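Coordinates as given in start25.cif (mmCIF, C-alpha atoms):
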data_structure
loop_
_atom_site.label_atom_id
_atom_site.label_comp_id
_atom_site.auth_asym_id
_atom_site.auth_seq_id
_atom_site.Cartn_x
_atom_site.Cartn_y
_atom_site.Cartn_z
CA GLY W 1 -134.56 74.92 -48.66
CA TRP W 2 -137.20 77.54 -49.38
CA GLU W 3 -139.18 76.59 -46.25
CA ASN W 4 -136.22 77.87 -44.17
CA LEU W 5 -135.76 80.96 -46.36
CA CYS W 6 -132.44 79.37 -47.43
CA LEU W 7 -130.92 80.25 -44.05
CA ASP W 8 -129.91 76.63 -43.49
CA SER W 9 -127.34 77.02 -46.26
CA ILE W 10 -125.35 79.53 -44.17
CA ASP W 11 -125.77 77.94 -40.73
CA GLY W 12 -122.27 76.50 -40.75
CA ALA W 13 -120.53 79.85 -41.27
CA TRP W 14 -119.92 82.57 -38.70
CA TYR W 15 -121.61 85.17 -40.87
CA GLY W 16 -124.68 82.94 -41.05
CA VAL W 17 -125.23 83.30 -37.30
CA LEU W 18 -124.70 87.05 -37.62
CA VAL W 19 -127.30 87.29 -40.39
CA GLU W 20 -129.83 85.29 -38.36
CA VAL W 21 -129.27 87.47 -35.27
CA LEU W 22 -129.75 90.63 -37.34
CA VAL W 23 -132.94 89.23 -38.85
CA LEU W 24 -134.19 88.39 -35.35
CA LEU W 25 -133.46 91.90 -34.03
CA TYR W 26 -135.09 93.43 -37.09
CA SER W 27 -138.20 91.33 -36.48
CA PHE W 28 -138.40 92.49 -32.85
CA ALA W 29 -138.02 96.12 -33.89
CA ALA W 30 -140.64 95.75 -36.61
CA VAL W 31 -143.17 94.23 -34.21
CA ALA W 32 -142.56 97.03 -31.67
CA ILE W 33 -143.01 99.76 -34.29
CA ILE W 34 -146.15 98.20 -35.74
CA ALA W 35 -147.71 97.70 -32.30
CA ASP W 36 -146.92 101.24 -31.14
CA SER W 37 -147.81 103.07 -34.35
CA HIS W 38 -150.71 101.04 -35.68
CA LEU W 39 -152.10 98.39 -33.32
CA VAL W 40 -152.62 100.61 -30.26
CA PRO W 41 -154.22 103.55 -32.16
CA ALA W 42 -156.46 101.13 -34.05
CA LEU W 43 -157.52 99.46 -30.80
CA GLU W 44 -158.30 102.82 -29.18
CA THR W 45 -160.36 103.89 -32.19
CA LEU W 46 -162.41 100.69 -32.12
CA CYS W 47 -163.03 101.03 -28.38
CA VAL W 48 -164.31 104.58 -28.74
CA ARG W 49 -166.44 104.11 -31.87
CA TRP W 50 -168.01 100.79 -30.86
CA GLY W 51 -168.16 101.42 -27.11
CA VAL W 52 -166.06 98.34 -26.33
CA ARG W 53 -164.98 97.84 -22.74
CA GLU W 54 -161.33 97.46 -21.87
CA ASP W 55 -161.53 93.78 -20.88
CA VAL W 56 -163.48 92.88 -24.01
CA ALA W 57 -160.98 94.71 -26.21
CA GLY W 58 -158.10 92.99 -24.43
CA ALA W 59 -159.67 89.54 -24.87
CA SER W 60 -160.47 90.04 -28.56
CA PHE W 61 -158.66 92.71 -30.56
CA MET W 62 -155.53 92.93 -28.41
CA ALA W 63 -155.36 89.17 -27.98
CA PHE W 64 -155.44 88.58 -31.73
CA GLY W 65 -152.89 91.34 -32.31
CA SER W 66 -150.46 90.07 -29.70
CA ALA W 67 -150.94 86.47 -30.86
CA ALA W 68 -150.13 87.32 -34.47
CA PRO W 69 -146.45 86.23 -34.13
CA GLU W 70 -147.57 82.92 -32.60
CA ILE W 71 -150.07 82.38 -35.40
CA VAL W 72 -147.37 83.01 -38.01
CA ILE W 73 -144.86 80.73 -36.25
CA ASN W 74 -147.36 77.90 -35.90
CA THR W 75 -148.51 78.28 -39.51
CA ILE W 76 -144.93 78.11 -40.77
CA SER W 77 -144.15 75.18 -38.45
CA THR W 78 -147.20 73.29 -39.71
CA LEU W 79 -146.27 73.88 -43.34
CA LYS W 80 -142.67 72.82 -42.70
CA ALA W 81 -143.87 69.69 -40.91
CA MET W 82 -146.12 68.83 -43.86
CA VAL W 83 -143.26 69.33 -46.32
CA ALA W 84 -140.90 67.23 -44.17
CA ARG W 85 -143.48 64.46 -43.89
CA GLU W 86 -143.95 64.39 -47.66
CA ARG W 87 -140.18 64.04 -48.05
CA GLY W 88 -140.12 61.19 -45.55
CA SER W 89 -138.21 63.06 -42.83
CA SER W 90 -140.06 62.29 -39.61
CA GLN W 91 -137.36 63.87 -37.42
CA ASN W 92 -137.68 67.31 -39.02
CA SER W 93 -141.46 67.02 -38.87
CA SER W 94 -141.45 66.36 -35.13
CA ASP W 95 -138.93 69.18 -34.54
CA ASP W 96 -141.14 71.71 -36.34
CA THR W 97 -144.20 70.56 -34.41
CA ALA W 98 -142.33 70.84 -31.11
CA MET W 99 -141.27 74.39 -32.01
CA GLY W 100 -144.89 75.39 -32.58
CA ILE W 101 -146.00 73.91 -29.26
CA GLY W 102 -143.07 75.56 -27.50
CA ALA W 103 -144.08 78.92 -28.93
CA ILE W 104 -147.60 78.53 -27.51
CA ILE W 105 -146.55 77.43 -24.02
CA GLY W 106 -143.58 79.80 -23.89
CA SER W 107 -145.62 82.86 -24.81
CA GLY W 108 -148.15 81.94 -22.14
CA MET W 109 -145.41 81.75 -19.52
CA ILE W 110 -144.10 85.15 -20.57
CA ALA W 111 -147.60 86.65 -20.51
CA PHE W 112 -148.33 85.36 -16.99
CA THR W 113 -144.90 85.82 -15.39
CA ALA W 114 -142.46 88.16 -17.10
CA ILE W 115 -144.91 90.81 -18.35
CA PRO W 116 -146.85 91.31 -15.07
CA GLY W 117 -143.62 91.29 -13.11
CA ALA W 118 -141.95 93.83 -15.41
CA CYS W 119 -145.03 96.08 -15.36
CA SER W 120 -145.11 95.99 -11.56
CA VAL W 121 -141.42 96.79 -11.28
CA CYS W 122 -141.58 99.66 -13.76
CA ALA W 123 -144.88 101.15 -12.52
CA SER W 124 -144.57 104.51 -10.79
CA GLU W 125 -147.65 103.90 -8.62
CA THR W 126 -149.57 100.99 -7.16
CA LEU W 127 -151.46 98.96 -9.78
CA LEU W 128 -155.02 98.09 -8.75
CA LEU W 129 -156.49 94.86 -10.14
CA LYS W 130 -160.13 93.81 -10.20
CA ARG W 131 -160.45 90.42 -8.54
CA ARG W 132 -163.38 89.10 -10.60
CA PRO W 133 -161.85 89.64 -14.08
CA LEU W 134 -158.52 88.31 -12.78
CA ALA W 135 -160.13 85.16 -11.36
CA ARG W 136 -162.13 84.70 -14.57
CA ASP W 137 -159.09 84.95 -16.84
CA VAL W 138 -156.93 82.72 -14.65
CA GLY W 139 -159.69 80.12 -14.46
CA PHE W 140 -160.20 80.04 -18.22
CA TYR W 141 -156.44 79.88 -18.82
CA ALA W 142 -156.09 76.93 -16.45
CA LEU W 143 -159.00 75.19 -18.18
CA ALA W 144 -157.44 75.89 -21.58
CA LEU W 145 -154.13 74.38 -20.46
CA ALA W 146 -155.96 71.30 -19.20
CA VAL W 147 -157.75 70.91 -22.55
CA LEU W 148 -154.47 71.41 -24.43
CA CYS W 149 -152.67 68.80 -22.32
CA GLY W 150 -155.54 66.36 -22.81
CA ALA W 151 -155.53 66.91 -26.56
CA MET W 152 -151.77 66.38 -26.87
CA SER W 153 -151.44 63.53 -24.38
CA ASP W 154 -151.59 60.91 -27.14
CA GLY W 155 -149.23 62.77 -29.45
CA ALA W 156 -151.92 63.75 -31.96
CA VAL W 157 -154.68 66.36 -32.07
CA GLU W 158 -157.95 65.07 -33.49
CA MET W 159 -160.60 67.20 -35.15
CA HIS W 160 -162.98 67.13 -32.19
CA GLU W 161 -160.15 68.11 -29.84
CA ALA W 162 -159.23 71.08 -32.03
CA ALA W 163 -162.89 72.08 -32.24
CA SER W 164 -163.22 71.91 -28.44
CA MET W 165 -160.31 74.34 -28.03
CA VAL W 166 -161.84 76.81 -30.48
CA LEU W 167 -165.22 76.41 -28.75
CA LEU W 168 -163.62 77.11 -25.37
CA TYR W 169 -162.22 80.39 -26.64
CA GLY W 170 -165.65 81.28 -28.02
CA CYS W 171 -167.18 80.60 -24.59
CA TYR W 172 -164.52 82.82 -23.03
CA LEU W 173 -165.42 85.69 -25.34
CA VAL W 174 -169.12 85.27 -24.53
CA VAL W 175 -168.43 85.29 -20.78
CA VAL W 176 -166.20 88.35 -21.05
CA THR W 177 -168.82 90.20 -23.09
CA ILE W 178 -171.87 89.52 -20.92
CA SER W 179 -170.29 89.22 -17.45
CA SER W 180 -170.49 92.93 -16.67
CA ARG W 181 -174.14 93.17 -17.71
CA VAL W 182 -175.07 90.05 -15.75
CA ARG W 183 -173.42 91.44 -12.64
CA GLN W 184 -175.28 94.73 -13.02
CA LEU W 185 -178.62 92.92 -13.33
CA TYR W 186 -177.78 90.85 -10.25
CA ARG W 187 -176.95 93.96 -8.24
CA ILE W 188 -180.16 95.72 -9.27
CA ARG W 189 -182.73 92.90 -9.14
CA TYR W 190 -181.48 90.74 -6.27
CA LEU W 191 -179.38 93.06 -4.10
CA GLY W 192 -181.55 96.13 -4.64
CA ARG W 193 -178.63 98.41 -5.33
CA ALA W 194 -178.71 101.34 -7.70
CA GLU W 195 -177.21 100.93 -11.12
CA PRO W 196 -173.57 102.07 -11.04
CA ALA W 197 -172.56 105.11 -13.01
CA GLN W 198 -171.26 104.45 -16.50
CA GLN W 199 -167.49 104.55 -16.45
CA GLN W 200 -165.70 106.61 -19.03
CA SER W 201 -163.58 104.74 -21.53
CA PHE W 202 -159.91 104.59 -20.64
CA VAL W 203 -159.16 105.98 -24.10
CA LEU W 204 -161.26 109.09 -23.48
CA GLN W 205 -159.70 109.47 -20.06
CA ASN W 206 -156.22 109.43 -21.57
CA GLN W 207 -157.26 111.89 -24.26
CA SER W 208 -158.78 114.30 -21.74
CA THR W 209 -155.72 114.04 -19.51
CA GLY W 210 -153.45 114.74 -22.45
CA SER W 211 -155.48 117.77 -23.52
CA LEU W 212 -155.45 119.21 -20.02
CA GLY W 213 -151.69 118.68 -19.79
#
Written as structure tokens, that's how I'd like the structure from this file.
Amino acid sequence: GWENLCLDSIDGAWYGVLVEVLVLLYSFAAVAIIADSHLVPALETLCVRWGVREDVAGASFMAFGSAAPEIVINTISTLKAMVARERGSSQNSSDDTAMGIGAIIGSGMIAFTAIPGACSVCASETLLLKRRPLARDVGFYALALAVLCGAMSDGAVEMHEAASMVLLYGCYLVVVTISSRVRQLYRIRYLGRAEPAQQQSFVLQNQSTGSLG
């Protein structure tokens, strides 16, 4: 039907699989081109003009940009599940819901395993990580998984459970935004240390390096 873009009508033929593979490869190529040509320059521009730190930009702009495919998949899965439920097909409805959940969990596994591992393997020099932001992000991700498992343990997500997940992400953004300033105030007022020098944006550093090269 239209909710499957009529691809289910050619699933039984060999050329149907070929068409679906070509569509999948085209989608991957389109996402790569859009991210490289539009998302990254837009993110750099926002960081420079608004003075946004790297971790804040990664937790907000970059997170929404990288999660766009998941948002689309889950939106389509929800619509397909609603259509299947209206037609009385509970099996198709549960399959579409499972696909949406699998996209969420699967993308998280890729983000925390495959991507860091591939970056480490392909890096030409040692990658230095800050322990506090890493511990903060891992802690929030573990808490988010716990909330997600609790919400889906009974097979249904209620309104208050959905609101709690959105609220948790809002708390994460607040912590990411103010954590650096709170740490600076702690260092100055309680430890008596001088205020650290303002670090240059990674975007400006790349631009200056490119101009010197």
Listed atoms of stretch 109-113 of chain W boxed along x, y and z, 5 Å each side, centre and edge lengths in Å, one decimal, as AutoDock Vina command-line options:
--center_x -146.2 --center_y 84.2 --center_z -18.0 --size_x 14.2 --size_y 14.9 --size_z 15.2
May I ask for the distance between atom CA of W:Ile73 and atom CA of W:Tyr169, given in Å to one decimal place?
-> 19.8 Å
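We find atom CA of W:Phe140 and atom CA of W:Val176 to be spaced 10.6 Å apart.
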Would you please work out which residue, of W:Asp137, W:Met82, W:Glu70, W:Leu128, is nearest to W:Ser107 when using all atoms listed in the file?
-> W:Glu70
Could you name the residues that touch W:Gly65 at 10 Å or less, counting only C-alpha atoms, but leaving out those on the same chain fewer than 4 positions away, as a ChimeraX atom specification?
-> /W:35,39-40,43,58,60-61,69-71
Å distance separating atom CA of W:Met165 from atom CA of W:Val147, one decimal place = 7.0 Å
Nearest to W:Thr78, chosen from W:Arg187, W:Ile101, W:Leu168, W:Leu129, with all atoms listed in the file counted in the distances |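 Answer, going by the shortest atom-to-atom distance: W:Ile101.
When all atoms listed in the file are used to measure the gap to W:Leu143, the shortest distance among W:Leu79, W:Ala59, W:Ala84, W:Cys171 belongs to W:Cys171.
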Do a neighbour search on W:Thr177 at 12 Å with all atoms listed in the file, toss out local chain neighbours closer than 2 positions, and write the hits as a ChimeraX atom specification.
-> /W:51-60,133,170-175,179-183
Which is closest to W:Leu167 among W:Trp50, W:Leu191, W:Ala144, W:Gly155, if we use only C-alpha atoms?
->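 The answer is W:Ala144, which sits nearest to W:Leu167.
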Of the listed residues W:Ser27, W:Ser66, W:Ser120, W:Ser37, that which approaches W:Gly108 most closely, counting only C-alpha atoms |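 Under the stated criterion, the closest residue is W:Ser66.
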